[in-house]
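Asks: The structure file entry.txt (compact mmCIF, C-alpha atoms) is provided below.
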# COMPACT_ATOMS: atom_id res chain seq x y z
CA MET A 1 193.94 -58.09 35.26
CA LYS A 2 196.51 -59.54 37.65
CA THR A 3 198.17 -62.83 36.76
CA ASN A 4 200.44 -65.46 38.28
CA ALA A 5 203.63 -66.52 36.52
CA ILE A 6 205.49 -69.83 36.47
CA ILE A 7 209.03 -70.15 35.10
CA CYS A 8 209.28 -73.66 33.74
CA GLU A 9 210.62 -76.24 31.29
CA TYR A 10 207.73 -78.73 31.15
CA ASN A 11 210.13 -81.36 29.90
CA PRO A 12 207.67 -83.02 29.60
CA PHE A 13 204.46 -81.54 31.05
CA HIS A 14 203.19 -84.01 33.65
CA ASN A 15 200.52 -84.47 36.31
CA GLY A 16 202.58 -82.63 38.92
CA HIS A 17 202.61 -79.56 36.69
CA ARG A 18 198.85 -79.81 36.19
CA TYR A 19 198.42 -80.05 39.98
CA GLN A 20 200.54 -76.91 40.48
CA ILE A 21 198.52 -74.86 37.98
CA ALA A 22 195.23 -76.06 39.44
CA LYS A 23 196.41 -75.20 42.96
CA ILE A 24 197.45 -71.71 41.89
CA LYS A 25 194.07 -71.03 40.30
CA GLU A 26 192.24 -72.51 43.26
CA LYS A 27 194.04 -70.21 45.69
CA SER A 28 194.19 -67.04 43.60
CA GLY A 29 191.37 -67.21 41.08
CA SER A 30 193.70 -65.52 38.58
CA PRO A 31 195.14 -66.58 35.19
CA VAL A 32 198.50 -68.33 34.89
CA THR A 33 201.35 -67.30 32.59
CA ALA A 34 203.93 -70.01 31.84
CA ILE A 35 207.38 -68.64 30.96
CA MET A 36 208.81 -71.78 29.37
CA SER A 37 212.14 -72.88 27.91
CA GLY A 38 212.09 -73.49 24.17
CA ASN A 39 213.66 -76.50 22.48
CA PHE A 40 216.72 -76.56 24.75
CA THR A 41 216.79 -76.97 28.52
CA GLN A 42 218.94 -75.74 31.39
CA ARG A 43 221.14 -78.84 31.16
CA GLY A 44 221.92 -77.92 27.55
CA ASP A 45 219.95 -80.93 26.31
CA ILE A 46 217.36 -80.94 23.56
CA ALA A 47 213.91 -81.06 25.18
CA ILE A 48 212.17 -84.44 24.98
CA TYR A 49 209.29 -82.82 23.01
CA ASP A 50 209.41 -79.65 20.92
CA LYS A 51 208.29 -76.37 22.47
CA PHE A 52 204.96 -76.28 20.63
CA THR A 53 203.96 -79.74 21.86
CA ARG A 54 204.89 -78.83 25.44
CA ALA A 55 203.09 -75.47 25.23
CA GLU A 56 199.98 -77.19 23.86
CA SER A 57 199.97 -79.59 26.82
CA ALA A 58 200.29 -76.64 29.20
CA VAL A 59 197.43 -74.56 27.78
CA LYS A 60 195.12 -77.57 27.55
CA ASN A 61 195.73 -78.28 31.21
CA GLY A 62 195.28 -74.88 32.78
CA ALA A 63 197.93 -72.40 31.62
CA ASP A 64 196.41 -69.30 30.00
CA ILE A 65 199.41 -68.26 27.94
CA VAL A 66 202.91 -69.62 27.23
CA ILE A 67 205.81 -67.23 26.63
CA GLU A 68 209.20 -68.55 25.56
CA LEU A 69 212.23 -68.05 27.80
CA PRO A 70 215.03 -67.31 25.30
CA THR A 71 217.55 -70.12 24.84
CA VAL A 72 220.51 -68.03 26.02
CA TYR A 73 218.86 -67.86 29.45
CA ALA A 74 217.10 -71.22 29.37
CA CYS A 75 220.48 -72.97 29.04
CA SER A 76 222.25 -70.80 31.60
CA SER A 77 222.87 -71.04 35.34
CA ALA A 78 220.06 -71.18 37.89
CA LYS A 79 220.69 -67.49 38.64
CA ASN A 80 220.45 -66.37 35.01
CA PHE A 81 217.46 -68.67 34.42
CA ALA A 82 215.64 -67.11 37.37
CA ASP A 83 216.71 -63.52 36.67
CA ALA A 84 215.55 -63.65 33.04
CA GLY A 85 212.26 -65.32 33.92
CA VAL A 86 211.50 -62.71 36.59
CA GLU A 87 212.47 -59.89 34.21
CA ILE A 88 209.99 -61.21 31.62
CA ALA A 89 207.28 -61.61 34.26
CA GLU A 90 207.84 -58.04 35.46
CA ALA A 91 207.87 -56.65 31.91
CA LEU A 92 204.37 -58.02 31.32
CA GLY A 93 203.10 -55.37 33.73
CA CYS A 94 200.35 -57.57 35.13
CA THR A 95 202.22 -60.20 37.13
CA GLU A 96 201.20 -60.21 40.77
CA SER A 97 202.92 -63.41 41.91
CA LEU A 98 205.66 -65.78 40.81
CA CYS A 99 204.66 -69.33 41.66
CA PHE A 100 207.12 -72.13 42.32
CA SER A 101 207.21 -75.44 44.14
CA VAL A 102 209.62 -76.37 46.91
CA GLU A 103 210.54 -79.57 48.68
CA GLU A 104 210.26 -78.10 52.17
CA ASP A 105 207.37 -78.20 54.62
CA ASN A 106 208.49 -74.84 55.97
CA PRO A 107 208.90 -72.26 53.16
CA ASP A 108 210.04 -69.67 55.72
CA LEU A 109 213.39 -71.49 55.82
CA LEU A 110 213.89 -70.67 52.14
CA ILE A 111 213.12 -67.01 52.76
CA LYS A 112 215.70 -66.96 55.57
CA ALA A 113 218.18 -68.71 53.30
CA ALA A 114 217.62 -66.15 50.52
CA GLU A 115 218.29 -63.34 52.98
CA LEU A 116 221.73 -64.79 53.69
CA PHE A 117 222.86 -63.87 50.18
CA ASN A 118 222.69 -60.20 51.22
CA ARG A 119 225.21 -60.70 54.01
CA GLU A 120 228.81 -59.77 53.29
CA GLU A 121 230.21 -62.69 55.27
CA PHE A 122 228.13 -65.12 53.20
CA ASN A 123 229.45 -63.81 49.89
CA THR A 124 232.98 -63.84 51.32
CA ALA A 125 232.54 -67.51 52.24
CA VAL A 126 231.24 -68.29 48.73
CA LYS A 127 234.21 -66.51 47.13
CA SER A 128 236.60 -68.35 49.41
CA GLY A 129 235.07 -71.68 48.40
CA MET A 130 235.36 -70.88 44.71
CA ASP A 131 238.95 -69.69 45.16
CA SER A 132 239.73 -73.09 46.64
CA GLY A 133 238.39 -74.84 43.53
CA MET A 134 234.70 -75.40 44.32
CA TYR A 135 232.14 -74.78 41.60
CA TYR A 136 229.51 -72.18 42.50
CA PRO A 137 226.67 -74.44 43.79
CA LYS A 138 229.10 -76.35 46.01
CA ALA A 139 230.62 -73.10 47.28
CA VAL A 140 227.13 -71.83 48.17
CA GLU A 141 226.32 -75.09 49.96
CA ASN A 142 229.62 -74.84 51.84
CA ALA A 143 228.87 -71.23 52.88
CA PHE A 144 225.51 -72.33 54.27
CA THR A 145 227.21 -75.14 56.20
CA ILE A 146 229.53 -72.60 57.80
CA LEU A 147 227.07 -69.80 58.53
CA ALA A 148 223.69 -71.52 58.82
CA PRO A 149 224.12 -75.27 59.33
CA ASN A 150 220.49 -75.63 60.44
CA ILE A 151 219.27 -74.79 56.94
CA SER A 152 222.23 -75.95 54.84
CA GLU A 153 220.49 -79.14 53.69
CA ILE A 154 217.84 -77.27 51.71
CA VAL A 155 220.35 -75.91 49.17
CA SER A 156 221.28 -79.43 48.06
CA LYS A 157 217.85 -79.96 46.47
CA PRO A 158 217.45 -78.69 42.87
CA ASN A 159 213.93 -77.27 43.33
CA ASN A 160 215.05 -75.38 46.41
CA ILE A 161 218.12 -73.97 44.67
CA LEU A 162 215.90 -72.49 41.98
CA ALA A 163 213.49 -71.24 44.65
CA LEU A 164 216.33 -69.34 46.31
CA GLU A 165 217.26 -67.76 42.99
CA TYR A 166 213.64 -66.77 42.39
CA LEU A 167 213.43 -65.15 45.82
CA LYS A 168 216.65 -63.24 45.15
CA ALA A 169 215.46 -62.13 41.70
CA LEU A 170 212.13 -60.91 43.10
CA LYS A 171 213.84 -58.53 45.50
CA GLY A 172 213.14 -54.97 44.35
CA THR A 173 210.15 -55.93 42.19
CA ASN A 174 206.43 -55.68 42.92
CA ILE A 175 205.99 -59.42 42.34
CA ASN A 176 205.25 -61.61 45.36
CA PRO A 177 206.47 -65.19 45.85
CA PHE A 178 203.69 -67.79 45.71
CA ILE A 179 205.19 -70.96 47.21
CA ILE A 180 203.58 -74.39 46.87
CA LYS A 181 204.79 -77.60 48.50
CA ARG A 182 205.89 -80.12 45.88
CA VAL A 183 203.88 -83.33 45.88
CA GLY A 184 204.75 -86.80 44.61
CA ALA A 185 208.21 -87.84 43.46
CA ALA A 186 211.23 -85.70 44.25
CA HIS A 187 213.11 -83.90 41.48
CA ASP A 188 214.73 -86.48 39.13
CA SER A 189 213.72 -89.29 41.49
CA GLU A 190 213.06 -92.71 39.94
CA GLU A 191 210.35 -93.40 42.49
CA VAL A 192 206.72 -92.96 41.54
CA SER A 193 203.75 -91.98 43.68
CA GLU A 194 200.38 -93.11 42.30
CA ASN A 195 200.09 -91.11 39.07
CA LEU A 196 203.01 -88.79 39.81
CA ALA A 197 206.57 -89.20 38.55
CA SER A 198 209.45 -86.77 38.12
CA ALA A 199 210.13 -85.25 34.69
CA GLY A 200 213.56 -86.91 34.68
CA ASN A 201 212.04 -90.32 35.30
CA ILE A 202 209.38 -89.78 32.64
CA ARG A 203 212.08 -88.85 30.10
CA LYS A 204 213.84 -92.13 30.84
CA MET A 205 210.56 -94.02 30.34
CA ILE A 206 210.04 -92.31 26.98
CA LEU A 207 213.55 -93.17 25.81
CA ASN A 208 213.05 -96.77 26.94
CA GLY A 209 209.81 -97.02 25.02
CA GLU A 210 207.67 -97.37 28.16
CA ASN A 211 204.06 -96.25 28.48
CA ILE A 212 203.85 -92.89 30.29
CA ASN A 213 200.08 -92.33 30.07
CA ARG A 214 199.68 -92.82 33.83
CA TYR A 215 201.96 -89.88 34.61
CA VAL A 216 200.95 -87.27 32.05
CA PRO A 217 197.54 -85.60 31.56
CA ASP A 218 195.50 -86.15 28.45
CA ARG A 219 194.94 -83.25 26.12
CA LYS A 220 191.25 -82.76 26.69
CA PRO A 221 190.52 -79.05 27.19
CA VAL A 222 190.06 -77.89 30.77
CA PRO A 223 187.72 -75.09 31.99
CA TYR A 224 190.47 -72.50 31.44
CA PRO A 225 190.55 -72.07 27.64
CA ALA A 226 193.65 -70.47 26.17
CA ASP A 227 194.84 -70.37 22.59
CA ILE A 228 197.38 -67.56 22.67
CA PHE A 229 201.02 -68.43 21.98
CA ILE A 230 203.94 -66.02 21.95
As structure tokens - that is how I would like this structure written.
Replies:
Amino acid sequence: MKTNAIICEYNPFHNGHRYQIAKIKEKSGSPVTAIMSGNFTQRGDIAIYDKFTRAESAVKNGADIVIELPTVYACSSAKNFADAGVEIAEALGCTESLCFSVEEDNPDLLIKAAELFNREEFNTAVKSGMDSGMYYPKAVENAFTILAPNISEIVSKPNNILALEYLKALKGTNINPFIIKRVGAAHDSEEVSENLASAGNIRKMILNGENINRYVPDRKPVPYPADIFI
């Protein structure tokens, strides 16, 4: 059986995540594997809920299995986060697609951007930026500004940066990219859209003692039962 994989944190699991899983199943008709960070996140923070609570929310809202992304990779750079997630997905031997959301209306721009990383002049520009004191993400953004100013803006958005790393990591595998347009609030935005809010905003609400029920799904089982945890 072929499956779709998502590399995620679910910190916490919210309505946008449920929408993504539902969209994947609607389009593919195949199960979804969530490769999820454990109790620590990419920022090095402790997750707002423990990994079992977050995994339970995921499987009760559409995910068919949750596999832990080891902490050493979950707390690493976007590149290592993506590389490890793709390696796990490939090792399963049944992953047909890696699904991720982007903030662009034209996903082809991301594919073009990912191809730039294979060009020698791009990597030279990145190295030059880092030699001048830039940290890696800024050096990458600067290289895009120099070599491809028409698409440089997309690398400034966190979801798109991860998307680029996923596309790079997928090169040489048999796993296809499955790109979905992000809906609702932008990454870490404090704006809300109906019943959608960013994970960063929801974390702030939790810490402030606010009611988050509008933005997170309940735990009633959905028509995709799953009770396997690894």
Asks: Nearest residue to Met1 of chain A out of A:Met130, A:Ala169, A:Ile146, A:Val32, using only C-alpha atoms?
Replies: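 Closest to Met1 of chain A of all the choices is A:Val32.
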Asks: Distance atom CA of Leu69 of chain A-atom CA of Asn213 of chain A, one decimal place?
Replies: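 The value is 27.2 Å.
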Asks: Using all atoms listed in the file, which residues sit within 6 Å of segment 12-18 of chain A once same-chain residues fewer than 4 positions away are excluded, as a short mmCIF file (atom, residue, chain, number, x, y, z; two decimals) with C-alpha atoms, in the coordinates of the input?
Replies:
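Output file selection.cif is given in full below:
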data_model
loop_
_atom_site.label_atom_id
_atom_site.label_comp_id
_atom_site.auth_asym_id
_atom_site.auth_seq_id
_atom_site.Cartn_x
_atom_site.Cartn_y
_atom_site.Cartn_z
CA TYR A 215 201.96 -89.88 34.61
CA VAL A 216 200.95 -87.27 32.05
CA PRO A 217 197.54 -85.60 31.56
#
Asks: Under the rule that all atoms listed in the file are counted, which of A:Asn150, A:Asn61, A:Asn123, A:Thr71 is the nearest residue to Tyr19 of chain A?
Replies: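 Among the listed residues, the smallest separation from Tyr19 of chain A belongs to A:Asn61.
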Asks: Could you tell me which of A:Asp64, A:Asp83, A:Glu121, A:Glu194 comes closest to Thr33 of chain A if we count all atoms listed in the file?
Replies: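 Using all atoms listed in the file, the shortest distance to Thr33 of chain A belongs to A:Asp64.
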Asks: Rounded to one decimal, what separation in Å do you get between atom CA of Phe52 of chain A and atom CA of Ser37 of chain A?
Replies: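 These atoms are spaced 10.8 Å apart.
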Asks: From the set A:Ala125, A:Ile7, A:Leu162, A:Val72, which residue has the shortest atom-to-atom contact distance to Glu103 of chain A, counting all atoms listed in the file?
Replies: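 Counting all atoms listed in the file, the residue closest to Glu103 of chain A is A:Leu162.
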Asks: Have a look at A:Ser97, A:Asn118, A:Asn174, A:Asn106 and name the one nearest to Ile154 of chain A; count only C-alpha atoms.
Replies: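 For Ile154 of chain A, the nearest of the given residues is A:Asn106.
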